[in-house]
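S.K.: The file below is my_file15.cif, mmCIF, C-alpha atoms:
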data_structure
#
loop_
_atom_site.label_atom_id
_atom_site.label_comp_id
_atom_site.auth_asym_id
_atom_site.auth_seq_id
_atom_site.Cartn_x
_atom_site.Cartn_y
_atom_site.Cartn_z
CA MET A 576 18.34 249.11 196.89
CA ASP A 577 18.26 248.90 193.11
CA VAL A 578 14.88 249.28 191.42
CA LYS A 579 14.21 246.93 188.52
CA ASN A 580 12.60 247.95 185.26
CA CYS A 581 9.28 246.46 184.20
CA VAL A 582 7.03 246.08 181.20
CA ASP A 583 4.98 249.28 180.94
CA GLU A 584 1.65 248.28 182.49
CA TYR A 585 0.69 251.68 183.85
CA TYR A 586 -2.64 253.24 182.88
CA HIS A 587 -4.50 256.56 183.07
CA PRO A 588 -6.70 257.26 186.11
CA THR A 589 -9.22 259.04 183.88
CA MET A 590 -11.24 257.42 181.11
CA ASP A 591 -11.00 260.18 178.47
CA LEU A 592 -7.31 259.55 177.77
CA ILE A 593 -5.72 256.89 175.58
CA TYR A 594 -2.68 255.13 177.00
CA THR A 595 0.35 254.44 174.83
CA GLU A 596 3.65 252.94 175.94
CA ASN A 597 5.66 254.67 173.20
CA ASN A 598 5.44 257.64 170.86
CA ILE A 599 3.03 257.54 167.95
CA PRO A 600 3.14 259.76 164.83
CA GLY A 601 0.69 262.65 164.80
CA PRO A 602 -0.12 265.58 162.47
CA GLY A 603 2.76 266.76 160.31
CA ILE A 604 4.90 263.66 160.83
CA ASP A 605 5.94 261.44 157.91
CA PHE A 606 4.83 257.93 158.97
CA ILE A 607 7.43 256.10 156.87
CA GLU A 608 10.24 258.27 158.18
CA PHE A 609 8.95 257.93 161.76
CA GLU A 610 8.86 254.13 161.53
CA SER A 611 12.24 253.78 159.81
CA GLU A 612 14.52 251.47 161.80
CA PHE A 613 18.27 251.07 162.08
CA ILE A 614 19.45 248.45 159.59
CA ASN A 615 22.75 247.69 161.28
CA GLY A 616 23.78 246.60 164.73
CA CYS A 617 26.95 245.98 166.67
CA SER A 618 29.05 242.82 166.29
CA CYS A 619 29.73 242.47 170.02
CA GLU A 620 29.63 238.91 171.32
CA THR A 621 27.08 238.36 174.11
CA LEU A 622 27.83 241.60 176.00
CA CYS A 623 29.00 245.00 174.79
CA LEU A 624 32.33 246.54 175.76
CA ASN A 625 33.70 248.79 173.00
CA CYS A 626 30.32 248.94 171.28
CA SER A 627 29.83 250.65 167.92
CA CYS A 628 26.22 251.56 168.88
CA ALA A 629 27.65 253.71 171.69
CA PHE A 630 30.46 255.00 169.43
CA GLY A 631 33.05 253.32 171.64
CA ASN A 632 31.91 255.16 174.79
CA LYS A 633 29.57 253.65 177.36
CA ASN A 634 26.05 255.06 177.47
CA TYR A 635 25.33 253.39 180.80
CA LYS A 636 27.30 252.04 183.73
CA ASN A 637 25.71 249.74 186.30
CA GLY A 638 22.27 250.65 184.97
CA CYS A 639 22.82 254.41 185.19
CA ILE A 640 23.39 256.96 182.44
CA GLU A 641 26.93 258.23 181.84
CA GLU A 642 27.79 261.84 181.04
CA LYS A 643 28.74 261.93 177.37
CA ILE A 644 28.67 264.13 174.30
CA GLY A 645 26.65 262.99 171.31
CA PRO A 646 23.47 260.99 170.73
CA ILE A 647 22.57 257.99 172.88
CA ILE A 648 21.74 254.92 170.82
CA GLU A 649 20.87 251.61 172.43
CA CYS A 650 21.59 248.20 170.95
CA ASN A 651 18.79 246.80 168.81
CA SER A 652 17.44 243.62 167.23
CA HIS A 653 20.19 243.69 164.59
CA CYS A 654 22.94 243.55 167.24
CA HIS A 655 24.77 240.33 168.07
CA CYS A 656 24.73 241.01 171.84
CA ASN A 657 22.03 239.55 174.06
CA GLU A 658 19.29 241.12 176.19
CA ASN A 659 21.62 241.37 179.19
CA CYS A 660 23.85 243.82 177.34
CA GLY A 661 24.52 246.95 179.38
CA ASN A 662 23.52 249.12 176.43
CA ARG A 663 19.86 248.08 176.72
CA LEU A 664 18.06 250.10 179.36
CA VAL A 665 15.22 252.32 178.13
CA GLN A 666 13.85 249.47 176.00
CA LYS A 667 13.21 247.44 179.18
CA GLY A 668 10.50 249.85 180.27
CA PRO A 669 9.93 252.27 183.15
CA LEU A 670 10.58 251.65 186.83
CA ASN A 671 7.88 249.65 188.56
CA CYS A 672 7.70 251.91 191.63
CA LEU A 673 5.89 254.90 190.13
CA ASN A 674 2.56 256.13 191.49
CA ILE A 675 0.10 258.69 190.14
CA ILE A 676 -0.79 261.05 192.98
CA LYS A 677 -2.96 264.12 193.56
CA THR A 678 -0.99 267.24 194.43
CA GLU A 679 -1.93 270.51 196.13
CA GLY A 680 -3.01 272.92 193.40
CA ARG A 681 -1.13 271.17 190.59
CA GLY A 682 -3.51 268.37 189.63
CA PHE A 683 -2.02 264.92 189.27
CA GLY A 684 1.64 264.21 189.87
CA LEU A 685 4.06 261.29 189.84
CA SER A 686 5.92 259.89 192.83
CA THR A 687 8.12 256.91 193.66
CA SER A 688 7.52 254.29 196.34
CA GLU A 689 11.17 253.19 196.31
CA PHE A 690 14.62 254.75 196.30
CA ILE A 691 15.94 255.79 192.87
CA LYS A 692 19.66 256.36 192.50
CA LYS A 693 21.25 259.14 190.49
CA GLY A 694 21.41 258.32 186.78
CA GLN A 695 18.65 255.70 186.75
CA PHE A 696 16.11 255.68 183.95
CA VAL A 697 12.70 256.53 185.41
CA CYS A 698 10.22 256.58 182.53
CA GLU A 699 9.58 257.93 179.06
CA TYR A 700 7.58 261.08 178.24
CA ALA A 701 5.54 259.60 175.39
CA GLY A 702 2.59 260.74 173.32
CA GLU A 703 1.81 262.11 169.87
CA VAL A 704 4.87 263.29 167.98
CA ILE A 705 3.84 266.35 165.97
CA ASP A 706 5.62 268.86 163.76
CA ILE A 707 6.45 272.40 164.83
CA GLU A 708 3.51 273.96 162.98
CA GLU A 709 1.03 271.68 164.75
CA ALA A 710 2.78 272.44 168.05
CA LYS A 711 2.22 276.18 167.45
CA LYS A 712 -1.49 275.58 166.80
CA ARG A 713 -1.87 273.57 169.99
CA PHE A 714 0.04 276.14 172.03
CA GLU A 715 -2.32 278.85 170.76
CA ARG A 716 -5.43 276.75 171.48
CA ASN A 717 -4.26 276.01 175.01
CA GLU A 718 -2.71 279.39 175.74
CA LYS A 719 -4.86 279.93 178.87
CA GLY A 720 -5.21 276.28 179.82
CA VAL A 721 -3.08 273.24 180.64
CA ASN A 722 -0.47 272.63 177.96
CA TYR A 723 1.33 269.29 177.78
CA VAL A 724 3.26 269.93 174.54
CA LEU A 725 6.96 269.35 175.12
CA ILE A 726 9.60 270.58 172.65
CA VAL A 727 13.09 269.09 172.93
CA ASN A 728 16.03 270.52 170.97
CA GLU A 729 18.99 268.28 170.16
CA HIS A 730 22.22 269.98 169.07
CA ILE A 731 24.08 267.51 166.86
CA GLY A 732 27.03 269.31 165.32
CA GLU A 733 25.60 272.44 163.70
CA LYS A 734 22.21 270.80 163.24
CA ILE A 735 19.27 271.29 165.62
CA ILE A 736 16.70 268.48 165.73
CA LYS A 737 13.35 269.46 167.24
CA THR A 738 11.07 266.79 168.68
CA CYS A 739 7.56 267.90 169.71
CA ILE A 740 5.51 265.55 171.88
CA ASP A 741 1.92 266.07 173.04
CA PRO A 742 0.54 263.54 175.57
CA SER A 743 -2.60 265.54 176.37
CA LEU A 744 -4.98 263.01 174.78
CA ILE A 745 -2.68 260.09 174.01
CA GLY A 746 0.20 259.55 176.40
CA ASN A 747 1.89 257.45 179.06
CA ILE A 748 2.88 257.63 182.74
CA GLY A 749 5.34 260.45 182.02
CA ARG A 750 2.54 262.96 181.32
CA TYR A 751 1.79 263.16 185.06
CA CYS A 752 5.29 264.40 185.90
CA ASN A 753 5.10 267.99 187.16
CA HIS A 754 7.50 270.88 186.64
CA SER A 755 10.00 272.01 189.25
CA CYS A 756 12.49 274.86 189.02
CA GLU A 757 14.78 272.56 191.04
CA SER A 758 13.88 269.22 189.47
CA ASN A 759 15.16 265.78 190.44
CA CYS A 760 15.05 264.39 186.88
CA ARG A 761 16.31 265.53 183.50
CA LEU A 762 15.24 264.88 179.92
CA VAL A 763 17.49 262.86 177.63
CA PRO A 764 16.71 261.84 173.99
CA VAL A 765 17.47 258.12 173.51
CA ARG A 766 17.16 256.16 170.28
CA VAL A 767 15.99 252.55 170.41
CA GLU A 768 15.53 250.66 167.13
CA LYS A 769 14.37 253.82 165.30
CA ALA A 770 15.97 257.06 164.18
CA SER A 771 13.25 259.05 165.98
CA PRO A 772 14.19 259.66 169.63
CA ARG A 773 12.37 258.67 172.78
CA ILE A 774 12.37 261.48 175.36
CA CYS A 775 13.41 259.87 178.63
CA LEU A 776 13.54 260.95 182.25
CA PHE A 777 16.70 260.10 184.18
CA ALA A 778 17.30 260.84 187.86
CA ARG A 779 19.40 264.00 188.24
CA ARG A 780 20.20 263.03 191.84
CA ASN A 781 19.26 260.35 194.34
CA ILE A 782 15.49 260.37 194.88
CA GLU A 783 14.07 259.10 198.14
CA SER A 784 10.98 256.92 198.54
CA GLY A 785 7.86 259.09 198.69
CA GLU A 786 9.36 261.98 196.68
CA GLU A 787 7.52 263.48 193.75
CA ILE A 788 9.19 262.97 190.36
CA THR A 789 9.77 266.30 188.60
CA PHE A 790 11.59 267.77 185.62
CA ASN A 791 12.14 271.29 184.34
CA TYR A 792 9.69 272.07 181.53
CA ALA A 793 12.28 274.43 180.01
CA GLU A 794 15.10 271.88 180.02
CA GLY A 795 17.91 273.29 177.88
CA VAL A 796 16.04 276.52 177.11
CA ASP A 797 17.46 279.93 177.98
CA ILE A 798 15.15 281.39 180.62
CA SER A 799 14.34 284.99 179.79
CA VAL A 800 11.29 287.22 180.00
CA HIS A 801 10.23 285.83 176.60
CA ASN A 802 10.26 282.25 177.87
CA ILE A 803 8.12 282.76 180.96
CA SER A 804 4.35 282.11 180.84
CA GLU A 805 1.58 283.80 182.81
CA THR A 806 0.83 280.58 184.71
CA PRO A 807 2.01 280.71 188.35
CA CYS A 808 4.57 278.10 189.33
CA LEU A 809 3.70 276.21 192.50
CA CYS A 810 6.78 273.98 192.68
CA GLY A 811 7.81 275.47 196.05
CA SER A 812 11.56 275.25 195.41
CA SER A 813 13.95 277.86 196.79
CA ASN A 814 14.91 278.79 193.21
CA CYS A 815 11.33 279.09 191.94
CA LEU A 816 10.87 281.58 189.10
CA ARG A 817 7.25 282.16 190.24
CA TYR A 818 5.86 281.43 186.77
CA LEU A 819 6.01 278.30 184.62
CA PRO A 820 8.49 278.38 181.72
CA HIS A 821 7.22 278.63 178.18
CA ASN A 822 9.14 276.96 175.38
CA SER A 823 8.56 279.40 172.54
CA VAL A 824 7.92 277.94 169.11
#
What is this file in structure tokens?

M.R.:
Amino acid sequence: MDVKNCVDEYYHPTMDLIYTENNIPGPGIDFIEFESEFINGCSCETLCLNCSCAFGNKNYKNGCIEEKIGPIIECNSHCHCNENCGNRLVQKGPLNCLNIIKTEGRGFGLSTSEFIKKGQFVCEYAGEVIDIEEAKKRFERNEKGVNYVLIVNEHIGEKIIKTCIDPSLIGNIGRYCNHSCESNCRLVPVRVEKASPRICLFARRNIESGEEITFNYAEGVDISVHNISETPCLCGSSNCLRYLPHNSV
């Protein structure tokens, strides 16, 4: 059974958090640069085949992400294709089968009430986008507590683009997704309309109804003694490292 995307109508179960569907600029981020949009779009008619937005290679097939090298850019408002174009997925919103749950010893978590097939977009990990210096300050402040700051490194040619997102006070449904050393989802930067990426969760494998949605907090980071925190990991997987990863800044 395929699960359809929906408008993001999820909300926080606690009142001291502010819900946001998408990333917002925070400390250290240039607002004009953050809001800058693509000025060009593809010239595909109705639907996209050999689309320039995807650099001639498909980003998605049958609603699931394809393995490819290079950035993933979806079609935008400047494109000639319509809303049924296969290169429009993340912009349609998260799956409508996600549930915020309470877990044993790990606070809130996120689960699915329907089957999710490998490669499907699940939801975005959204919040305040901050610069690396602000991320360091927040890591230090929360060194002994819960830390939601996520740092994603994109390797584009010889350039490394760092995106730091903190959904601790302002965030979306993705903030409730727990870590697992053997996760069922992976993080993928996707650009929609703007040059700044959205950090998206895609199913790494088929996920059954009732399963908890998880991703590896150290996605793409070399796990060494320097990248392990003092916080015990309670993921329960057979490959558990016993302690949560720490993305050093």

S.K.: When you look at Gly682 in chain A with a cut-off of 9 Å (counting all atoms listed in the file), what residues show up, excluding the ones that are within fewer than 3 positions of it in the same chain? I need them as a list in words.

M.R.: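 The neighbour list is Ile676, Lys677, Thr678, Glu679, Tyr751 and Asn753 of chain A.
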
S.K.: Within 10 Å of range 735-740 of chain A, which residues of range 601-713 of chain A come that close, and what is the closest atom pair and distance in Å for each? Count only C-alpha atoms and give it as JSON lines.

M.R.:
{"residue": "A:Gly601", "atom": "CA", "partner": "A:Ile740", "partner_atom": "CA", "distance": 9.0}
{"residue": "A:Tyr700", "atom": "CA", "partner": "A:Ile740", "partner_atom": "CA", "distance": 8.0}
{"residue": "A:Ala701", "atom": "CA", "partner": "A:Ile740", "partner_atom": "CA", "distance": 6.9}
{"residue": "A:Gly702", "atom": "CA", "partner": "A:Ile740", "partner_atom": "CA", "distance": 5.8}
{"residue": "A:Glu703", "atom": "CA", "partner": "A:Ile740", "partner_atom": "CA", "distance": 5.4}
{"residue": "A:Val704", "atom": "CA", "partner": "A:Ile740", "partner_atom": "CA", "distance": 4.6}
{"residue": "A:Ile705", "atom": "CA", "partner": "A:Cys739", "partner_atom": "CA", "distance": 5.5}
{"residue": "A:Asp706", "atom": "CA", "partner": "A:Cys739", "partner_atom": "CA", "distance": 6.3}
{"residue": "A:Ile707", "atom": "CA", "partner": "A:Cys739", "partner_atom": "CA", "distance": 6.7}
{"residue": "A:Glu708", "atom": "CA", "partner": "A:Cys739", "partner_atom": "CA", "distance": 9.9}
{"residue": "A:Glu709", "atom": "CA", "partner": "A:Cys739", "partner_atom": "CA", "distance": 9.0}
{"residue": "A:Ala710", "atom": "CA", "partner": "A:Cys739", "partner_atom": "CA", "distance": 6.8}

S.K.: For CA of Ile644 in chain A and CA of Val727 in chain A, determine how far apart the two atoms are, in Å to one decimal place.

M.R.: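 Separating CA of Ile644 in chain A from CA of Val727 in chain A is a distance of 16.4 Å.
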
S.K.: Can you spell out as a list in words the set of residues that the PyMOL selection byres ((chain A and resi 636) around 12) selects in the structure I just provided?

M.R.: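 Checking the PyMOL selection byres ((chain A and resi 636) around 12) against this file, the residues are Cys623, Leu624, Asn632, Lys633, Asn634, Tyr635, Asn637, Gly638, Cys639, Ile640, Glu641, Glu642, Lys643, Cys660, Gly661, Asn662, Arg663, Leu664, Lys693, Gly694, Gln695 and Phe696 of chain A.
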
S.K.: Go through A:Leu744, A:Cys672, A:Ile691, A:Cys628 one by one, measure the shortest atom-to-atom distance of each to Asn615 in chain A using only C-alpha atoms, and give the residue with the smallest value.

M.R.: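 Comparing A:Leu744, A:Cys672, A:Ile691, A:Cys628 against Asn615 in chain A, the winner is A:Cys628.
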
S.K.: To one decimal place in Å, what is the distance between CA of Phe609 in chain A and CA of Pro772 in chain A?

M.R.: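 Pair CA of Phe609 in chain A / CA of Pro772 in chain A returns 9.6 Å.
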
S.K.: Could you spell out the hits of the PyMOL selection byres ((chain A and resi 767) around 7) on the shown file, as a list in words?

M.R.: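 Matching residues under the PyMOL selection byres ((chain A and resi 767) around 7) are Ile648, Glu649, Asn651, Gln666, Val765, Arg766, Glu768 and Lys769 of chain A.
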
S.K.: Next, write the just-selected residues to a file, as a compact mmCIF listing (two decimals), keeping the file's coordinate frame, keeping C-alpha atoms as the atom set.

M.R.:
# COMPACT_ATOMS: atom_id res chain seq x y z
CA ILE A 648 21.74 254.92 170.82
CA GLU A 649 20.87 251.61 172.43
CA ASN A 651 18.79 246.80 168.81
CA GLN A 666 13.85 249.47 176.00
CA VAL A 765 17.47 258.12 173.51
CA ARG A 766 17.16 256.16 170.28
CA GLU A 768 15.53 250.66 167.13
CA LYS A 769 14.37 253.82 165.30
